[in-house]
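Asks: I'm passing along target24.cif; it holds mmCIF, C-alpha atoms.
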```
data_model
#
loop_
_atom_site.label_atom_id
_atom_site.label_comp_id
_atom_site.auth_asym_id
_atom_site.auth_seq_id
_atom_site.Cartn_x
_atom_site.Cartn_y
_atom_site.Cartn_z
CA MET A 281 20.86 77.70 -47.94
CA PRO A 282 21.14 75.83 -51.24
CA THR A 283 20.62 77.85 -54.42
CA GLY A 284 20.85 74.96 -56.86
CA THR A 285 18.02 72.77 -58.12
CA LEU A 286 18.22 69.09 -58.97
CA GLU A 287 15.32 67.81 -61.05
CA ILE A 288 14.35 64.41 -62.31
CA LEU A 289 12.12 63.78 -65.31
CA GLY A 290 10.58 60.35 -65.02
CA THR A 291 7.38 58.37 -64.96
CA MET A 292 5.18 57.13 -62.17
CA ASP A 293 2.81 54.18 -62.06
CA VAL A 294 -0.49 55.45 -60.66
CA ALA A 295 -1.41 51.92 -59.53
CA GLN A 296 1.37 51.93 -56.90
CA PHE A 297 -0.81 53.91 -54.47
CA TRP A 298 -3.17 52.18 -52.07
CA PRO A 299 -5.74 50.70 -52.57
CA ASP A 300 -4.45 49.55 -55.98
CA GLY A 301 -0.94 49.15 -54.59
CA THR A 302 0.84 49.55 -51.27
CA SER A 303 2.40 53.04 -51.41
CA ASP A 304 1.24 55.42 -48.70
CA ALA A 305 0.65 59.18 -48.86
CA ASP A 306 4.21 60.45 -48.47
CA THR A 307 6.39 58.09 -50.50
CA ALA A 308 6.41 57.12 -54.16
CA ASN A 309 8.50 55.21 -56.69
CA VAL A 310 9.52 56.95 -59.89
CA SER A 311 11.01 55.24 -62.95
CA VAL A 312 14.11 56.98 -64.31
CA ASN A 313 16.75 56.52 -66.99
CA VAL A 314 20.04 56.79 -65.14
CA SER A 315 22.23 56.72 -68.23
CA GLY A 316 19.92 59.05 -70.17
CA ASP A 317 18.80 62.57 -69.38
CA SER A 318 16.53 61.94 -66.40
CA PHE A 319 18.73 63.84 -63.92
CA ARG A 320 19.44 67.54 -64.53
CA PHE A 321 21.08 70.15 -62.30
CA GLN A 322 20.73 73.93 -62.27
CA ALA A 323 23.52 75.66 -60.31
CA HIS A 324 21.44 78.75 -59.47
CA PRO A 325 18.17 80.39 -60.56
CA GLY A 326 18.40 81.44 -64.19
CA ALA A 327 21.27 79.09 -65.02
CA PRO A 328 20.67 76.38 -67.64
CA PHE A 329 19.85 72.85 -66.53
CA GLN A 330 22.67 70.44 -67.30
CA VAL A 331 22.31 66.65 -67.53
CA THR A 332 24.14 64.85 -64.71
CA HIS A 333 24.93 61.16 -64.28
CA PHE A 334 26.13 61.38 -60.69
CA VAL A 335 23.98 58.41 -59.59
CA GLU A 336 25.41 55.97 -62.15
CA GLY A 337 27.10 53.19 -60.22
CA ALA A 338 26.75 55.20 -57.02
CA VAL A 339 25.96 53.96 -53.51
CA VAL A 340 24.22 55.93 -50.76
CA LYS A 341 25.69 55.16 -47.34
CA GLY A 342 23.51 55.87 -44.34
CA ARG A 343 21.83 53.41 -42.01
CA GLU A 344 22.45 50.95 -44.80
CA SER A 345 24.30 51.01 -48.08
CA LYS A 346 22.20 50.86 -51.21
CA ALA A 347 22.10 52.02 -54.79
CA PRO A 348 19.93 55.15 -55.12
CA VAL A 349 18.22 53.65 -58.15
CA SER A 350 17.17 49.99 -58.16
CA ASP A 351 18.23 47.59 -60.90
CA LYS A 352 14.70 48.03 -62.30
CA GLY A 353 15.24 51.77 -62.65
CA LYS A 354 13.09 52.73 -59.65
CA LEU A 355 13.91 55.73 -57.48
CA THR A 356 12.15 56.00 -54.10
CA ILE A 357 10.95 59.49 -53.27
CA ARG A 358 10.26 60.76 -49.76
CA LEU A 359 7.89 63.67 -50.17
CA GLN A 360 9.64 66.61 -48.59
CA GLY A 361 8.04 68.75 -45.90
CA ILE A 362 5.14 66.46 -45.05
CA ASP A 363 4.44 63.48 -42.81
CA ALA A 364 1.25 61.55 -43.59
CA PRO A 365 -0.49 59.16 -41.19
CA GLU A 366 1.17 55.76 -41.33
CA LEU A 367 -0.35 53.13 -43.58
CA HIS A 368 2.16 50.40 -42.75
CA TYR A 369 4.78 51.07 -40.11
CA ARG A 370 6.69 48.03 -38.85
CA PRO A 371 8.52 48.41 -35.51
CA ALA A 372 12.23 49.04 -35.73
CA PRO A 373 14.24 45.81 -35.44
CA LEU A 374 15.63 44.89 -32.05
CA SER A 375 19.17 46.09 -31.47
CA SER A 376 21.93 43.59 -30.73
CA THR A 377 21.84 44.78 -27.11
CA GLU A 378 18.09 44.19 -26.87
CA LYS A 379 18.46 40.73 -28.37
CA SER A 380 21.29 39.65 -26.10
CA ALA A 381 19.42 40.85 -23.00
CA SER A 382 16.18 39.05 -23.90
CA SER A 383 15.11 35.46 -23.30
CA GLN A 384 13.84 33.30 -26.14
CA ALA A 385 10.33 33.73 -24.76
CA LYS A 386 10.62 37.52 -24.99
CA LEU A 387 12.09 37.35 -28.49
CA GLN A 388 9.19 35.16 -29.57
CA ALA A 389 6.73 37.55 -27.93
CA PHE A 390 8.23 40.42 -29.91
CA LYS A 391 8.02 38.38 -33.11
CA ASP A 392 4.35 37.79 -32.38
CA VAL A 393 3.61 41.55 -32.27
CA ASN A 394 6.04 42.58 -34.99
CA HIS A 395 3.48 43.54 -37.64
CA SER A 396 2.95 46.48 -39.98
CA TYR A 397 0.64 48.84 -38.11
CA ARG A 398 -1.39 51.78 -39.34
CA GLN A 399 -2.73 54.98 -37.88
CA ARG A 400 -6.24 56.27 -38.17
CA PHE A 401 -6.50 58.10 -41.51
CA GLY A 402 -3.48 56.26 -42.91
CA ALA A 403 -5.69 54.50 -45.45
CA SER A 404 -7.85 57.56 -46.11
CA ALA A 405 -4.83 59.75 -46.83
CA ALA A 406 -3.35 57.16 -49.20
CA LYS A 407 -6.70 56.79 -50.98
CA ALA A 408 -7.00 60.57 -51.33
CA LEU A 409 -3.55 60.73 -52.96
CA HIS A 410 -4.44 57.77 -55.20
CA ASP A 411 -7.55 59.57 -56.45
CA PHE A 412 -5.75 62.89 -56.90
CA VAL A 413 -2.92 61.40 -58.96
CA HIS A 414 -5.49 59.57 -61.10
CA GLY A 415 -6.45 63.03 -62.31
CA ALA A 416 -3.18 63.04 -64.26
CA GLY A 417 -4.15 59.84 -66.06
CA THR A 418 -4.25 56.11 -65.56
CA GLY A 419 -1.40 53.66 -65.90
CA THR A 420 1.99 55.36 -66.21
CA ILE A 421 2.17 59.15 -66.11
CA ASN A 422 4.99 61.65 -66.56
CA CYS A 423 6.24 63.45 -63.48
CA ARG A 424 8.89 65.89 -62.37
CA VAL A 425 10.74 65.51 -59.08
CA PHE A 426 12.86 68.34 -57.74
CA THR A 427 14.78 69.52 -54.70
CA HIS A 428 16.91 72.54 -53.83
CA VAL A 429 20.45 71.34 -53.18
CA ASP A 430 24.01 72.33 -54.03
CA LYS A 431 25.85 69.06 -53.43
CA PRO A 432 25.11 65.36 -54.01
CA ASN A 433 25.31 64.60 -50.27
CA GLU A 434 22.24 66.79 -49.75
CA VAL A 435 19.97 64.71 -51.99
CA PHE A 436 19.29 61.43 -50.16
CA ASP A 437 18.19 60.64 -46.63
CA THR A 438 19.81 58.01 -44.41
CA TYR A 439 17.51 55.34 -45.93
CA GLY A 440 18.67 56.13 -49.47
CA ARG A 441 15.46 57.93 -50.46
CA PHE A 442 15.47 61.00 -52.68
CA VAL A 443 13.92 63.84 -50.65
CA GLY A 444 11.93 66.25 -52.80
CA ASP A 445 8.70 67.46 -54.36
CA ILE A 446 6.73 65.68 -57.07
CA GLU A 447 4.85 67.51 -59.82
CA VAL A 448 2.30 65.95 -62.14
CA THR A 449 0.16 67.55 -64.83
CA ILE A 450 -3.57 67.69 -64.16
CA GLY A 451 -5.91 69.55 -66.47
CA GLY A 452 -2.97 70.98 -68.37
CA LYS A 453 -1.45 72.55 -65.24
CA ALA A 454 1.48 71.50 -63.06
CA ALA A 455 0.30 70.26 -59.67
CA ASN A 456 2.66 69.91 -56.71
CA VAL A 457 1.72 66.70 -54.89
CA ASN A 458 3.40 67.67 -51.61
CA GLN A 459 1.57 70.98 -51.48
CA TRP A 460 -1.76 69.41 -52.45
CA LEU A 461 -1.52 66.94 -49.56
CA ALA A 462 -0.75 69.75 -47.09
CA ALA A 463 -3.44 72.05 -48.48
CA ASN A 464 -6.11 69.38 -48.27
CA GLY A 465 -5.22 68.18 -44.80
CA TRP A 466 -4.00 64.71 -45.76
CA ALA A 467 -0.51 65.19 -44.33
CA PHE A 468 1.00 67.08 -41.43
CA PRO A 469 4.00 69.35 -41.93
CA GLY A 470 7.18 67.39 -41.28
CA PHE A 471 10.10 69.82 -41.39
CA TYR A 472 13.83 69.06 -41.41
CA VAL A 473 16.88 71.27 -41.27
CA SER A 474 17.78 70.35 -44.85
CA MET A 475 14.80 72.36 -46.14
CA ASN A 476 15.00 75.94 -47.42
CA ASP A 477 13.08 78.59 -45.52
CA ASP A 478 10.61 79.15 -48.34
CA GLU A 479 9.90 75.41 -48.52
CA ILE A 480 9.05 75.42 -44.81
CA THR A 481 6.90 78.53 -44.90
CA THR A 482 4.96 77.38 -47.97
CA ILE A 483 3.94 74.09 -46.37
CA ARG A 484 3.28 75.79 -43.03
CA ASP A 485 0.91 78.30 -44.62
CA LEU A 486 -0.95 75.63 -46.57
CA ALA A 487 -1.32 73.49 -43.44
CA ALA A 488 -2.56 76.48 -41.44
CA SER A 489 -5.36 77.03 -43.95
CA ALA A 490 -6.23 73.31 -43.91
CA LYS A 491 -6.28 73.30 -40.11
CA LYS A 492 -8.53 76.36 -39.97
CA ALA A 493 -10.94 74.68 -42.39
CA LYS A 494 -10.70 71.40 -40.41
CA LYS A 495 -9.81 69.49 -43.56
CA GLY A 496 -8.81 65.82 -43.56
CA ILE A 497 -6.81 64.80 -40.52
CA TRP A 498 -6.91 68.21 -38.84
CA ASN A 499 -10.40 67.73 -37.48
CA SER A 500 -9.10 64.69 -35.56
CA TYR A 501 -5.60 65.83 -34.60
CA SER A 502 -5.00 64.87 -30.98
CA LYS A 503 -2.61 66.39 -28.46
CA THR A 504 -2.96 63.37 -26.22
CA VAL A 505 -1.08 60.09 -26.70
CA GLY A 506 -3.74 57.42 -26.43
CA MET A 507 -3.44 53.69 -25.87
CA PHE A 508 -1.68 51.93 -28.73
CA ASP A 509 -4.14 49.98 -30.87
CA PHE A 510 -2.63 46.61 -31.79
CA THR A 511 -5.65 45.79 -33.97
CA LEU A 512 -4.93 48.48 -36.56
CA LEU A 513 -2.86 46.65 -39.15
CA GLU A 514 -1.77 47.42 -42.69
CA PRO A 515 -4.77 47.01 -45.02
CA LYS A 516 -4.59 44.66 -47.95
CA LYS A 517 -4.76 45.88 -51.53
CA GLY A 518 -8.32 46.76 -52.38
CA GLU A 519 -9.51 46.49 -48.77
CA THR A 520 -11.55 49.68 -49.07
CA ASP A 521 -14.26 48.45 -46.74
CA ILE A 522 -12.11 49.76 -43.86
CA LEU A 523 -12.45 53.37 -45.05
CA PRO A 524 -15.79 54.25 -43.37
CA ALA A 525 -14.27 53.36 -39.99
CA ASP A 526 -10.88 54.95 -40.74
CA LYS A 527 -11.32 57.87 -38.37
CA GLY A 528 -10.59 58.85 -34.80
CA ALA A 529 -7.82 60.59 -32.89
CA VAL A 530 -4.55 60.87 -34.80
CA ILE A 531 -1.18 62.04 -33.46
CA PHE A 532 1.88 63.33 -35.31
CA PRO A 533 3.24 60.36 -37.32
CA LYS A 534 6.81 60.80 -36.08
CA LEU A 535 5.53 60.42 -32.53
CA TYR A 536 3.33 57.49 -33.59
CA ARG A 537 6.38 55.67 -34.96
CA ARG A 538 8.18 56.12 -31.64
CA GLN A 539 5.06 54.91 -29.82
CA THR A 540 4.89 51.82 -32.05
CA ASN A 541 8.50 50.92 -31.30
CA TRP A 542 7.88 51.39 -27.59
CA ALA A 543 4.48 49.62 -27.41
CA THR A 544 5.62 46.45 -29.17
CA ARG A 545 8.76 46.19 -27.03
CA ASN A 546 6.79 46.92 -23.89
CA LYS A 547 4.16 44.28 -24.67
CA ALA A 548 6.86 41.71 -25.36
CA LYS A 549 8.62 42.77 -22.12
CA ILE A 550 11.82 43.53 -23.99
CA PHE A 551 11.78 46.45 -21.58
CA THR A 552 9.23 47.95 -19.22
CA VAL A 553 10.15 51.63 -19.29
CA LYS A 554 7.52 54.32 -19.74
CA LEU A 555 6.98 55.92 -23.14
CA GLN A 556 8.44 59.18 -21.83
CA ASP A 557 11.70 57.45 -20.92
CA TYR A 558 11.82 55.71 -24.30
CA LEU A 559 11.34 59.04 -26.11
CA SER A 560 14.19 60.53 -24.09
CA SER A 561 16.45 57.61 -24.99
CA GLN A 562 15.97 58.29 -28.71
CA GLN A 563 17.58 61.73 -28.44
CA ASP A 564 15.69 63.17 -31.41
CA LYS A 565 16.93 66.73 -31.88
CA CYS A 566 14.77 69.59 -33.09
CA TYR A 567 14.32 73.36 -33.22
CA GLU A 568 11.22 75.46 -32.82
CA THR A 569 10.25 76.58 -36.31
CA ASP A 570 10.18 80.35 -35.69
CA ASP A 571 13.57 80.14 -34.00
CA TRP A 572 14.97 78.04 -36.86
CA LEU A 573 13.73 80.46 -39.52
CA GLU A 574 15.34 83.37 -37.70
CA ASN A 575 18.54 81.81 -36.38
CA HIS A 576 19.00 78.43 -38.08
CA ALA A 577 21.69 76.27 -36.46
CA SER A 578 22.60 79.01 -33.98
CA GLY A 579 19.12 78.74 -32.47
CA ALA A 580 18.23 76.69 -29.41
CA GLN A 581 18.27 72.94 -30.01
CA HIS A 582 15.78 70.83 -28.09
CA GLU A 583 15.01 67.19 -27.39
CA PHE A 584 11.78 66.05 -29.08
CA ALA A 585 10.90 64.26 -25.83
CA ASP A 586 10.69 67.62 -24.07
CA PHE A 587 7.55 68.43 -26.07
CA VAL A 588 5.72 65.42 -24.61
CA LYS A 589 4.85 65.34 -20.91
CA ASN A 590 4.24 62.30 -18.72
CA SER A 591 4.00 59.98 -21.75
CA LYS A 592 0.65 61.55 -22.60
CA THR A 593 0.35 65.31 -23.15
CA ILE A 594 1.61 66.65 -26.49
CA ASN A 595 2.87 70.22 -26.18
CA PHE A 596 3.44 71.02 -29.84
CA ASP A 597 1.68 71.22 -33.16
CA PRO A 598 3.37 69.59 -36.19
CA PRO A 599 4.25 72.92 -37.90
CA ASP A 600 6.04 74.09 -34.73
CA LEU A 601 9.16 71.94 -35.01
CA VAL A 602 12.08 71.48 -37.43
CA PHE A 603 13.97 68.23 -36.93
CA ALA A 604 17.62 67.39 -37.33
CA GLU A 605 18.09 64.18 -39.27
CA GLU A 606 20.73 61.54 -39.81
CA THR A 607 23.02 62.27 -42.70
CA SER A 608 24.09 60.12 -45.61
CA LYS A 609 26.82 60.30 -48.17
CA ILE A 610 26.97 59.19 -51.77
CA VAL A 611 30.05 57.51 -53.22
CA GLY A 612 30.96 56.53 -56.74
CA PRO A 613 31.93 53.12 -58.17
CA ASP A 614 35.49 53.77 -56.93
CA GLY A 615 34.24 54.19 -53.38
CA LYS A 616 35.20 57.88 -53.29
CA PRO A 617 32.71 60.61 -52.30
CA ILE A 618 30.90 62.29 -55.17
CA ALA A 619 31.57 65.99 -54.62
CA SER A 620 29.64 67.61 -57.46
CA PHE A 621 26.94 67.03 -60.04
#
```
Render the structure in this file as C-alpha cells.
Replies:
Amino acid sequence: MPTGTLEILGTMDVAQFWPDGTSDADTANVSVNVSGDSFRFQAHPGAPFQVTHFVEGAVVKGRESKAPVSDKGKLTIRLQGIDAPELHYRPAPLSSTEKSASSQAKLQAFKDVNHSYRQRFGASAAKALHDFVHGAGTGTINCRVFTHVDKPNEVFDTYGRFVGDIEVTIGGKAANVNQWLAANGWAFPGFYVSMNDDEITTIRDLAASAKKAKKGIWNSYSKTVGMFDFTLLEPKKGETDILPADKGAVIFPKLYRRQTNWATRNKAKIFTVKLQDYLSSQQDKCYETDDWLENHASGAQHEFADFVKNSKTINFDPPDLVFAEETSKIVGPDGKPIASF
C-alpha cells in the first residue's frame, strides 16, 4: 500500500455547491497554482513535503485525454471513499455498436430521454454539503486536498479527476469533508482497490454509526431496485422548493447509474434485455470488503451483477464491496509517462 502523501493547497468557491451552483455531494472544483507551490509530496510519514510540478503541461489518459488542471486553474476532485446520491447523472452515450444497430426512430427516442436524472436525496445531500462548507466562510475559502499515493499514475481516475480527501477549516479546526458526509449519512461508502486499508475502515466505521442512528439517506436505503423514475430530473440552481419532497427509497448510486443507462436504452428500445442481463454485460469487478482487507488482490474477485438477483433484489450493503476501477496514466509534455513526483 502507498506510504507517500500528495497534498494540494488551494482555494474553493463555496458557491459551486447546489443550490447556489451545480456541484453535487461527492465532487468539487479546487483552484490551484500549477507553477507555484500548490502541489507538495511527502515520500513517507515524517519526511518533509517537497513542492512538485508534475502536472505542468501533463495529460491524463483514461477514457479520454485531458489536462488534469483546466486552463482556468481548476482541478476536479472526486471525494474518495464515498458515493453520494446522484444530483445530475446523464446516461452514458450510445456506443458505436448501439448506434449502428439502431434505427433513426430509436436514436431519436434515446435523445428524447437523454436527460440528467437525479436520485432521491441527491438534492438534499448536496444542500447539506453546501451548508456545511459555508461554515468555513462565504465566497472563496482555503482548502487542503490530499491522497496517499507513491506514484503519479495513482493520483487520477479514468475521467481525469483527482481522487482524494478535502479538508477545510471550521471554527479553527480542520474538518474532513469526506468523513463528515459519511458520518452524517449524506453519502454511502464507495470503496475502490486504490484506497489504503485505514481509509476504508475509517469511512466504514463512520457509515456504520450513521446507519445505526438512521441519519440522512440511511433511513431510506433500499435493497430493492424499484421502477426507474423518469420524472426526477436535475434541479435548477436555487430550486430549493423540491427539498421537502426529496425523500423516498434510495439505492446505491453505482447501481443507480447502471439502472439509468439501462432504463433509458430500454425505453428507447435500443435493446430490450432485462436489467440483470445489462448488469452482467458491464462486467464490474469487485471484492467483498472483509476479504479485500485480509487478502487484497489474492482474494476472491466477483462480478457486481452477482450481488443483484432477478433485476430486483439487492444482496449487499454499500460498505460490503470494494470495486476495481479503470486505470489512467499521466504523461508529460513530451508524451512520455511521468514516473515520479
Asks: Which distance in Å separates CA of Ser383 in chain A and CA of Phe508 in chain A, to one decimal?
Replies: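 Straight-line distance from CA of Ser383 in chain A to CA of Phe508 in chain A works out to 24.1 Å.
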Asks: For the file shown, report as number ranges by chain the outcome of the PyMOL selection byres ((chain A and resi 418) around 12) at residue level.
Replies: A: 291-297, 300, 410-417, 419-422, 450
Asks: Each residue of range 473-568 of chain A with at least one atom at most 9 Å from range 591-605 of chain A should appear once, together with its nearest atom pair and the corresponding distance in Å (one decimal); atoms considered: all atoms listed in the file; ordering: chain, then increasing residue number; output as a tab-separated table.
Replies:
```
residue	atom	partner	partner_atom	distance
A:Val473	CA	A:Ala604	CA	5.6
A:Ser474	CA	A:Ala604	CA	8.1
A:Ile480	CA	A:Pro599	CA	8.8
A:Ile483	CA	A:Pro599	CA	8.6
A:Arg484	CA	A:Pro599	CA	6.0
A:Ala487	CA	A:Pro599	CA	7.9
A:Ala488	CA	A:Pro599	CA	8.5
A:Ser502	CA	A:Ile594	CA	8.2
A:Lys503	CA	A:Ile594	CA	4.7
A:Thr504	CA	A:Thr593	CA	4.9
A:Val505	CA	A:Lys592	CA	4.7
A:Gly506	CA	A:Lys592	CA	7.1
A:Ile531	CA	A:Ile594	CA	8.8
A:Phe532	CA	A:Pro598	CA	6.5
A:Lys554	CA	A:Ser591	CA	7.0
A:Leu555	CA	A:Ser591	CA	5.2
A:Gln556	CA	A:Ser591	CA	4.5
A:Asp557	CA	A:Ser591	CA	8.1
A:Leu559	CA	A:Ser591	CA	8.6
A:Asp564	CA	A:Ala604	CA	7.5
A:Lys565	CA	A:Ala604	CA	5.5
A:Cys566	CA	A:Phe603	CA	4.2
A:Tyr567	CA	A:Val602	CA	5.1
A:Glu568	CA	A:Leu601	CA	4.6
```
Asks: Could you pull the residues within 7 Å of range 334-347 of chain A, counting all atoms listed in the file, minus those fewer than 5 positions along the same chain, as a list in words?
Replies: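 Returned residues: Val314, Ser315, Thr438, Tyr439, Gly440, Thr607, Ser608, Lys609, Ile610, Val611, Gly612, Pro613 and Phe621 of chain A.
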Asks: Which neighbours of range 349-365 of chain A fall inside 7 Å, counting all atoms listed in the file, when residues of the same chain fewer than 6 positions from it are skipped, and could you give them as a PyMOL selection string?
Replies: chain A and resi 305-313+399+401-402+441-445+458+466-471+480+483+533
Asks: Keeping C-alpha atoms for every residue in the selection just given, could you write it to a file as a PDB file, keeping the file's coordinate frame?
Replies:
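Writing the result to out_24.pdb gives the following:
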```pdb
ATOM      1  CA  ALA A 305       0.650  59.180 -48.860  1.00  0.00           C
ATOM      2  CA  ASP A 306       4.210  60.450 -48.470  1.00  0.00           C
ATOM      3  CA  THR A 307       6.390  58.090 -50.500  1.00  0.00           C
ATOM      4  CA  ALA A 308       6.410  57.120 -54.160  1.00  0.00           C
ATOM      5  CA  ASN A 309       8.500  55.210 -56.690  1.00  0.00           C
ATOM      6  CA  VAL A 310       9.520  56.950 -59.890  1.00  0.00           C
ATOM      7  CA  SER A 311      11.010  55.240 -62.950  1.00  0.00           C
ATOM      8  CA  VAL A 312      14.110  56.980 -64.310  1.00  0.00           C
ATOM      9  CA  ASN A 313      16.750  56.520 -66.990  1.00  0.00           C
ATOM     10  CA  GLN A 399      -2.730  54.980 -37.880  1.00  0.00           C
ATOM     11  CA  PHE A 401      -6.500  58.100 -41.510  1.00  0.00           C
ATOM     12  CA  GLY A 402      -3.480  56.260 -42.910  1.00  0.00           C
ATOM     13  CA  ARG A 441      15.460  57.930 -50.460  1.00  0.00           C
ATOM     14  CA  PHE A 442      15.470  61.000 -52.680  1.00  0.00           C
ATOM     15  CA  VAL A 443      13.920  63.840 -50.650  1.00  0.00           C
ATOM     16  CA  GLY A 444      11.930  66.250 -52.800  1.00  0.00           C
ATOM     17  CA  ASP A 445       8.700  67.460 -54.360  1.00  0.00           C
ATOM     18  CA  ASN A 458       3.400  67.670 -51.610  1.00  0.00           C
ATOM     19  CA  TRP A 466      -4.000  64.710 -45.760  1.00  0.00           C
ATOM     20  CA  ALA A 467      -0.510  65.190 -44.330  1.00  0.00           C
ATOM     21  CA  PHE A 468       1.000  67.080 -41.430  1.00  0.00           C
ATOM     22  CA  PRO A 469       4.000  69.350 -41.930  1.00  0.00           C
ATOM     23  CA  GLY A 470       7.180  67.390 -41.280  1.00  0.00           C
ATOM     24  CA  PHE A 471      10.100  69.820 -41.390  1.00  0.00           C
ATOM     25  CA  ILE A 480       9.050  75.420 -44.810  1.00  0.00           C
ATOM     26  CA  ILE A 483       3.940  74.090 -46.370  1.00  0.00           C
ATOM     27  CA  PRO A 533       3.240  60.360 -37.320  1.00  0.00           C
TER      28      PRO A 533
END
```
Asks: Just want the 12 Å neighbourhood of Ser560 in chain A, counted on only C-alpha atoms, with same-chain residues fewer than 6 positions away dropped. Output as a ChimeraX atom specification.
Replies: /A:538,542,553-554,582-591
Asks: What is the CA of Leu535 in chain A-CA of Leu512 in chain A distance in Å, reported with one decimal?
Replies: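 So the two atoms, CA of Leu535 in chain A and CA of Leu512 in chain A, lie 16.4 Å apart.
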Asks: Which distance in Å separates CA of Pro371 in chain A and CA of His395 in chain A, to one decimal?
Replies: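 So the answer is 7.3 Å.
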Asks: Please return the centre and edge lengths, in Å to one decimal, of a box with edges along x, y and z that contains all listed atoms of range 433-448 of chain A, widened by 6 Å on every side, as AutoDock Vina command-line options.
Replies:
```
--center_x 13.8 --center_y 61.4 --center_z -53.3 --size_x 35.0 --size_y 24.2 --size_z 29.7
```
Asks: Using all atoms listed in the file, which of the listed residues (A:Pro432, A:Gly579, A:Gly301, A:Gly290) sits closest to His333 in chain A?
Replies: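 Checking each of A:Pro432, A:Gly579, A:Gly301, A:Gly290 against His333 in chain A, counting all atoms listed in the file, the winner is A:Pro432.
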